[in-house]
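What follows is start_20.csv (CSV, C-alpha atoms).
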```csv
chain,number,residue,atom,x,y,z
H,1,MET,CA,27.1,155.4,-8.6
H,2,PHE,CA,30.2,154.5,-6.6
H,3,SER,CA,28.2,151.8,-4.7
H,4,GLU,CA,27.1,150.3,-8.0
H,5,VAL,CA,30.7,150.2,-9.3
H,6,PHE,CA,31.8,148.6,-6.1
H,7,GLN,CA,29.2,146.0,-6.2
H,8,MET,CA,30.0,145.2,-9.9
H,9,ASP,CA,33.7,144.9,-8.9
H,10,LYS,CA,32.8,142.4,-6.2
H,11,ILE,CA,30.7,140.4,-8.6
H,12,LEU,CA,33.4,140.3,-11.2
H,13,GLY,CA,35.9,139.3,-8.5
H,14,PHE,CA,33.7,136.4,-7.4
H,15,CYS,CA,33.2,135.2,-11.0
H,16,GLU,CA,37.0,135.2,-11.5
H,17,LYS,CA,37.5,133.1,-8.3
H,18,LEU,CA,34.7,130.8,-9.4
H,19,TRP,CA,36.2,130.3,-12.8
H,20,TYR,CA,39.6,129.6,-11.2
H,21,VAL,CA,38.1,126.9,-9.0
H,22,ILE,CA,36.1,125.3,-11.9
H,23,GLY,CA,39.1,125.6,-14.3
H,24,ALA,CA,41.5,123.9,-11.8
H,25,ASN,CA,39.0,121.1,-11.3
H,26,LEU,CA,38.6,120.5,-15.0
H,27,LEU,CA,42.4,120.5,-15.5
H,28,PHE,CA,42.7,118.1,-12.6
H,29,LEU,CA,40.1,115.8,-14.2
H,30,LEU,CA,41.8,115.9,-17.6
H,31,SER,CA,45.1,115.1,-16.0
H,32,ASN,CA,43.5,112.0,-14.5
H,33,LEU,CA,42.2,110.8,-17.8
H,34,PRO,CA,43.4,107.2,-17.4
H,35,ALA,CA,41.6,106.8,-14.1
H,36,LEU,CA,38.4,108.4,-15.6
H,37,LEU,CA,38.6,105.9,-18.5
H,38,PHE,CA,38.9,103.1,-16.0
H,39,PHE,CA,35.8,104.2,-14.1
H,40,LEU,CA,33.9,104.7,-17.4
H,41,PHE,CA,34.8,101.4,-19.1
H,42,VAL,CA,35.7,99.1,-16.3
H,43,GLY,CA,33.7,100.5,-13.4
H,44,ALA,CA,34.3,101.4,-9.7
H,45,SER,CA,33.0,98.0,-8.6
H,46,GLN,CA,35.9,96.3,-10.4
H,47,VAL,CA,38.7,98.3,-8.6
H,48,ARG,CA,39.6,95.5,-6.2
H,49,THR,CA,39.4,92.8,-8.9
H,50,CYS,CA,41.6,94.9,-11.3
H,51,LEU,CA,43.7,96.6,-8.6
H,52,PRO,CA,47.1,96.4,-10.3
H,53,PHE,CA,45.7,98.0,-13.5
H,54,PHE,CA,43.7,100.5,-11.5
H,55,LEU,CA,46.8,101.6,-9.5
H,56,LEU,CA,48.7,102.0,-12.8
H,57,CYS,CA,45.9,104.3,-14.0
H,58,MET,CA,46.2,106.2,-10.8
H,59,VAL,CA,49.9,107.1,-11.2
H,60,PRO,CA,49.1,110.4,-13.1
H,61,ALA,CA,47.0,111.4,-10.2
H,62,GLY,CA,50.2,112.2,-8.2
H,63,PRO,CA,51.4,115.1,-10.3
H,64,ALA,CA,47.8,116.2,-10.9
H,65,LEU,CA,47.1,116.3,-7.2
H,66,SER,CA,50.3,118.2,-6.6
H,67,ALA,CA,49.3,120.8,-9.2
H,68,LEU,CA,45.8,121.1,-7.7
H,69,PHE,CA,47.2,121.8,-4.2
H,70,TYR,CA,49.5,124.4,-5.7
H,71,THR,CA,46.7,126.2,-7.5
H,72,MET,CA,44.5,126.1,-4.3
H,73,ASN,CA,47.4,127.5,-2.3
H,74,ARG,CA,47.8,130.3,-4.8
H,75,LEU,CA,44.0,131.0,-4.5
H,76,LEU,CA,44.3,131.0,-0.7
H,77,SER,CA,47.2,133.4,-0.7
H,78,LYS,CA,45.6,135.6,-3.4
H,79,THR,CA,48.6,135.3,-5.7
H,80,GLU,CA,46.9,133.4,-8.5
H,81,THR,CA,47.9,134.6,-12.0
H,82,GLY,CA,45.4,132.5,-14.1
H,83,VAL,CA,44.3,128.9,-13.6
H,84,TRP,CA,45.9,127.5,-16.8
H,85,ARG,CA,49.2,129.3,-16.1
H,86,ASP,CA,49.4,128.2,-12.4
H,87,TYR,CA,48.3,124.6,-13.0
H,88,ARG,CA,50.6,124.1,-16.0
H,89,LYS,CA,53.6,125.5,-14.0
H,90,ALA,CA,52.9,123.3,-11.0
H,91,TYR,CA,52.3,120.2,-13.2
H,92,ARG,CA,55.4,120.6,-15.3
H,93,ASP,CA,57.7,121.5,-12.3
H,94,ASP,CA,59.7,118.4,-11.3
H,95,TRP,CA,57.2,116.3,-13.4
H,96,GLY,CA,59.4,113.2,-13.5
H,97,GLN,CA,60.1,113.3,-9.7
H,98,LYS,CA,56.4,113.5,-8.9
H,99,TYR,CA,55.6,110.6,-11.3
H,100,LEU,CA,58.3,108.5,-9.6
H,101,LEU,CA,56.8,109.4,-6.2
H,102,ALA,CA,53.3,108.4,-7.4
H,103,ALA,CA,54.5,105.2,-8.9
H,104,GLY,CA,56.3,104.2,-5.7
H,105,HIS,CA,53.3,105.1,-3.7
H,106,MET,CA,50.9,103.0,-5.8
H,107,PHE,CA,53.4,100.1,-5.8
H,108,LEU,CA,53.5,100.1,-2.0
H,109,ILE,CA,49.7,100.2,-1.8
H,110,LEU,CA,49.6,97.2,-4.1
H,111,VAL,CA,52.2,95.3,-2.0
H,112,PHE,CA,50.3,96.0,1.2
H,113,GLU,CA,47.0,94.8,-0.4
H,114,ILE,CA,48.6,91.6,-1.7
H,115,ASN,CA,50.0,90.9,1.8
H,116,ILE,CA,46.6,91.5,3.4
H,117,GLU,CA,45.1,88.9,1.0
H,118,PHE,CA,47.9,86.5,1.5
H,119,PHE,CA,47.9,86.5,5.3
H,120,ALA,CA,44.1,86.6,5.5
H,121,VAL,CA,43.3,83.8,3.0
H,122,GLN,CA,46.4,81.9,1.7
H,123,ILE,CA,48.3,81.5,5.0
H,124,PRO,CA,46.1,83.0,7.8
H,125,VAL,CA,48.3,84.8,10.2
H,126,PHE,CA,46.2,87.3,12.1
H,127,PRO,CA,48.9,89.6,13.5
H,128,LEU,CA,50.6,90.0,10.1
H,129,MET,CA,47.3,90.7,8.5
H,130,ILE,CA,46.6,93.4,11.0
H,131,LEU,CA,50.1,94.8,10.4
H,132,PHE,CA,49.6,95.1,6.7
H,133,VAL,CA,46.1,96.5,7.2
H,134,ILE,CA,47.6,99.3,9.3
H,135,LEU,CA,50.3,99.9,6.7
H,136,PHE,CA,47.7,100.0,3.9
H,137,ALA,CA,45.6,102.5,5.8
H,138,ALA,CA,48.7,104.6,6.5
H,139,ALA,CA,49.7,104.6,2.8
H,140,LEU,CA,46.2,106.0,2.0
H,141,ALA,CA,46.1,108.5,4.8
H,142,VAL,CA,49.6,109.9,3.9
H,143,THR,CA,48.5,110.8,0.4
H,144,PRO,CA,47.6,114.5,1.0
H,145,ASN,CA,50.9,115.1,2.8
H,146,LEU,CA,53.0,113.6,0.0
H,147,TYR,CA,51.6,115.7,-2.8
H,148,LEU,CA,51.1,118.8,-0.7
H,149,LEU,CA,54.8,118.8,0.2
H,150,ALA,CA,55.7,118.0,-3.4
H,151,SER,CA,53.7,121.0,-4.6
H,152,ARG,CA,55.4,123.4,-2.3
H,153,TYR,CA,59.0,122.4,-1.7
H,154,ARG,CA,62.0,121.2,-3.7
H,155,MET,CA,62.8,118.0,-1.8
H,156,LYS,CA,64.1,114.6,-2.7
H,157,ASN,CA,61.4,111.9,-2.7
H,158,ARG,CA,62.8,110.2,0.3
H,159,ASP,CA,62.6,113.4,2.3
H,160,ILE,CA,59.1,114.0,1.1
H,161,VAL,CA,58.1,110.5,2.3
H,162,LYS,CA,59.9,110.9,5.6
H,163,THR,CA,58.4,114.3,6.4
H,164,SER,CA,54.9,113.1,5.3
H,165,LEU,CA,55.0,110.2,7.7
H,166,ILE,CA,56.2,112.4,10.5
H,167,LEU,CA,53.3,114.8,9.9
H,168,LEU,CA,50.9,111.8,9.7
H,169,VAL,CA,51.9,110.8,13.2
H,170,THR,CA,52.6,114.1,14.9
H,171,ARG,CA,49.7,116.1,13.4
H,172,PRO,CA,46.7,113.8,14.0
H,173,VAL,CA,44.2,116.7,13.8
H,174,SER,CA,45.4,117.5,10.2
H,175,THR,CA,45.3,113.8,9.4
H,176,LEU,CA,41.8,113.4,10.6
H,177,GLY,CA,40.8,116.6,8.8
H,178,SER,CA,42.1,115.2,5.5
H,179,ILE,CA,40.1,112.0,6.0
H,180,VAL,CA,37.0,113.9,6.9
H,181,SER,CA,37.4,116.2,3.9
H,182,LEU,CA,37.6,113.3,1.5
H,183,GLY,CA,34.5,111.8,3.2
H,184,VAL,CA,32.6,115.1,2.7
H,185,ILE,CA,33.6,115.2,-1.0
H,186,LEU,CA,32.4,111.7,-1.6
H,187,MET,CA,29.2,112.4,0.3
H,188,LEU,CA,28.5,115.4,-1.9
H,189,PHE,CA,29.2,113.3,-5.0
H,190,GLU,CA,26.7,110.7,-3.8
H,191,LEU,CA,24.1,113.4,-3.2
H,192,LYS,CA,24.6,115.6,-6.3
H,193,ALA,CA,27.0,113.9,-8.7
H,194,GLY,CA,26.3,116.2,-11.6
H,195,THR,CA,27.1,119.4,-9.6
H,196,ALA,CA,29.8,117.9,-7.4
H,197,VAL,CA,31.9,116.8,-10.4
H,198,LEU,CA,32.5,120.4,-11.3
H,199,PHE,CA,34.0,121.3,-7.9
H,200,MET,CA,34.9,118.1,-6.0
H,201,GLY,CA,38.6,118.1,-6.9
H,202,SER,CA,39.2,121.8,-6.3
H,203,LEU,CA,37.1,121.7,-3.1
H,204,TYR,CA,39.1,118.9,-1.8
H,205,GLY,CA,42.4,120.6,-2.7
H,206,PHE,CA,41.2,123.9,-1.1
H,207,LEU,CA,40.2,122.1,2.1
H,208,ILE,CA,43.6,120.3,2.4
H,209,ALA,CA,45.5,123.5,1.6
H,210,PHE,CA,43.5,125.5,4.1
H,211,MET,CA,43.8,123.0,6.9
H,212,ASN,CA,47.5,122.6,6.5
H,213,ARG,CA,48.5,126.3,6.2
H,214,LYS,CA,49.8,126.4,9.8
H,215,VAL,CA,51.6,123.1,9.4
H,216,LEU,CA,53.4,124.3,6.3
H,217,HIS,CA,54.2,127.7,7.9
H,218,SER,CA,55.7,125.9,10.9
H,219,LEU,CA,57.9,123.7,8.5
H,220,GLU,CA,59.2,126.9,6.8
H,221,GLU,CA,60.1,128.5,10.1
H,222,SER,CA,61.9,125.4,11.4
```
What would you get if you wrote out this structure as structure tokens?
Amino acid sequence: MFSEVFQMDKILGFCEKLWYVIGANLLFLLSNLPALLFFLFVGASQVRTCLPFFLLCMVPAGPALSALFYTMNRLLSKTETGVWRDYRKAYRDDWGQKYLLAAGHMFLILVFEINIEFFAVQIPVFPLMILFVILFAAALAVTPNLYLLASRYRMKNRDIVKTSLILLVTRPVSTLGSIVSLGVILMLFELKAGTAVLFMGSLYGFLIAFMNRKVLHSLEES
């Protein structure tokens, strides 16, 4: 009898965790409605052609990603209080600051892409083109650091950017892990899109939060 109750308790606990993961993913997708509408009506193949408009649609992804990282950190630390409550709290907390951070981030990506095109096609200058390719890649690679820090600490945006860049350079293993995590999620989406869409956001957020636990802990101790 006791064994059956124990097993039932484990099953219910697993179901609660599973719902938390699925619920966080659904809230993340809803928070990125502009980007979803872009992919639906414009198409992923037109991202480069319509890059300014696409990046504008991606601005809400900043606060959404920050909220996703917060909920996955709560899940990791076993302090979750409900997916809606946790996600809403994280999304609304410093909402304006996170939007400004995301807007600045998307603007820099656009500027670097324009300069790549300019120095590759309009006025070919190979060293400058390579410079902006590196800056463009760094702007993409620093994304998890930006919104992970924004989800966890009350810092000014310039401090978030500075710390994120420092972590990008000084923690290459975490940087590589973040890139690999995104690659795994995209691979899963290619293989099983119908199933992956239910978990891909939360799984990515969980992997990033898990891999950066020691980094965040060391930041808090310093």
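Pairwise distance (CA of Thr71 (chain H), CA of Tyr153 (chain H)) equals 14.1 Å.
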Close residues, region 14-21 of chain H itself excluded, 10 Å, all atoms listed in the file, min 2 positions apart in chain, as a list in words: Met8, Asp9, Lys10, Ile11, Leu12, Gly23, Ala24, Asn25, Leu26, Leu68, Thr71, Met72, Leu75, Lys78, Glu80, Thr81, Gly82, Val83, Trp84, Asp86, Leu198, Phe199, Met200, Gly201, Ser202, Leu203, Gly205 and Phe206 of chain H
For the atom pair CA of Thr175 (chain H) and CA of Ile134 (chain H), what is the interatomic distance in Å to one decimal place? 14.7 Å
I need the residue nearest Lys98 (chain H) from this list: H:Ala137, H:Leu176, H:Leu148, H:Ile185. Use only C-alpha atoms for the distance. H:Leu148
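With distances taken over all atoms listed in the file, H:Phe53 is the one residue among H:Arg152, H:Leu76, H:Ile160, H:Phe53 lying closest to Phe39 (chain H).
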Given the choices H:Ala150, H:Phe38, H:Val47, H:Arg213, which gets closest to Asp93 (chain H) if the distance is worked out from only C-alpha atoms? H:Ala150
Excluding same-chain residues fewer than 2 positions from Ser151 (chain H), what lies within 12 Å of it counting all atoms listed in the file, as a VMD selection string? chain H and resid 62 to 74 86 to 87 89 to 95 97 to 98 144 to 149 153 to 155 160 205 209 216
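Within a radius of 10 Å around (55.9, 108.1, 5.7), the polymer residues are Leu135, Ala138, Ala139, Ala141, Val142, Thr143, Asn145, Leu146, Arg158, Asp159, Ile160, Val161, Lys162, Thr163, Ser164, Leu165, Ile166, Leu167, Leu168 and Val169 of chain H, counting only C-alpha atoms.
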At a cut-off of 12 Å, can you tabulate as a tab-separated table every residue of region 13-88 of chain H near region 109-123 of chain H together with its closest atom pair and the distance in Å to one decimal, using all atoms listed in the file and ordering rows by chain then number?
```
residue	atom	partner	partner_atom	distance
H:Val47	CA	H:Leu110	CA	11.8
H:Arg48	CA	H:Glu113	CA	9.4
H:Thr49	CA	H:Glu113	CA	11.6
H:Cys50	CA	H:Leu110	CA	11.0
H:Leu51	CA	H:Leu110	CA	7.4
H:Pro52	CA	H:Leu110	CA	6.7
H:Phe53	CA	H:Leu110	CA	10.2
H:Phe54	CA	H:Leu110	CA	10.0
H:Leu55	CA	H:Leu110	CA	7.5
H:Leu56	CA	H:Leu110	CA	10.0
H:Met58	CA	H:Ile109	CA	11.4
H:Val59	CA	H:Ile109	CA	11.7
```
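For the set H:Leu100, H:Ala44, H:Met187, H:Ala61, the residue with the smallest atom-to-atom gap to Phe28 (chain H) is H:Ala61, counting only C-alpha atoms.
Closest approach to Gly183 (chain H) from the set H:Lys156, H:Tyr204, H:Gly96, H:Ala103 is made by H:Tyr204, with distances taken over all atoms listed in the file.
CA of Pro60 (chain H) is found 7.8 Å from CA of Pro34 (chain H).
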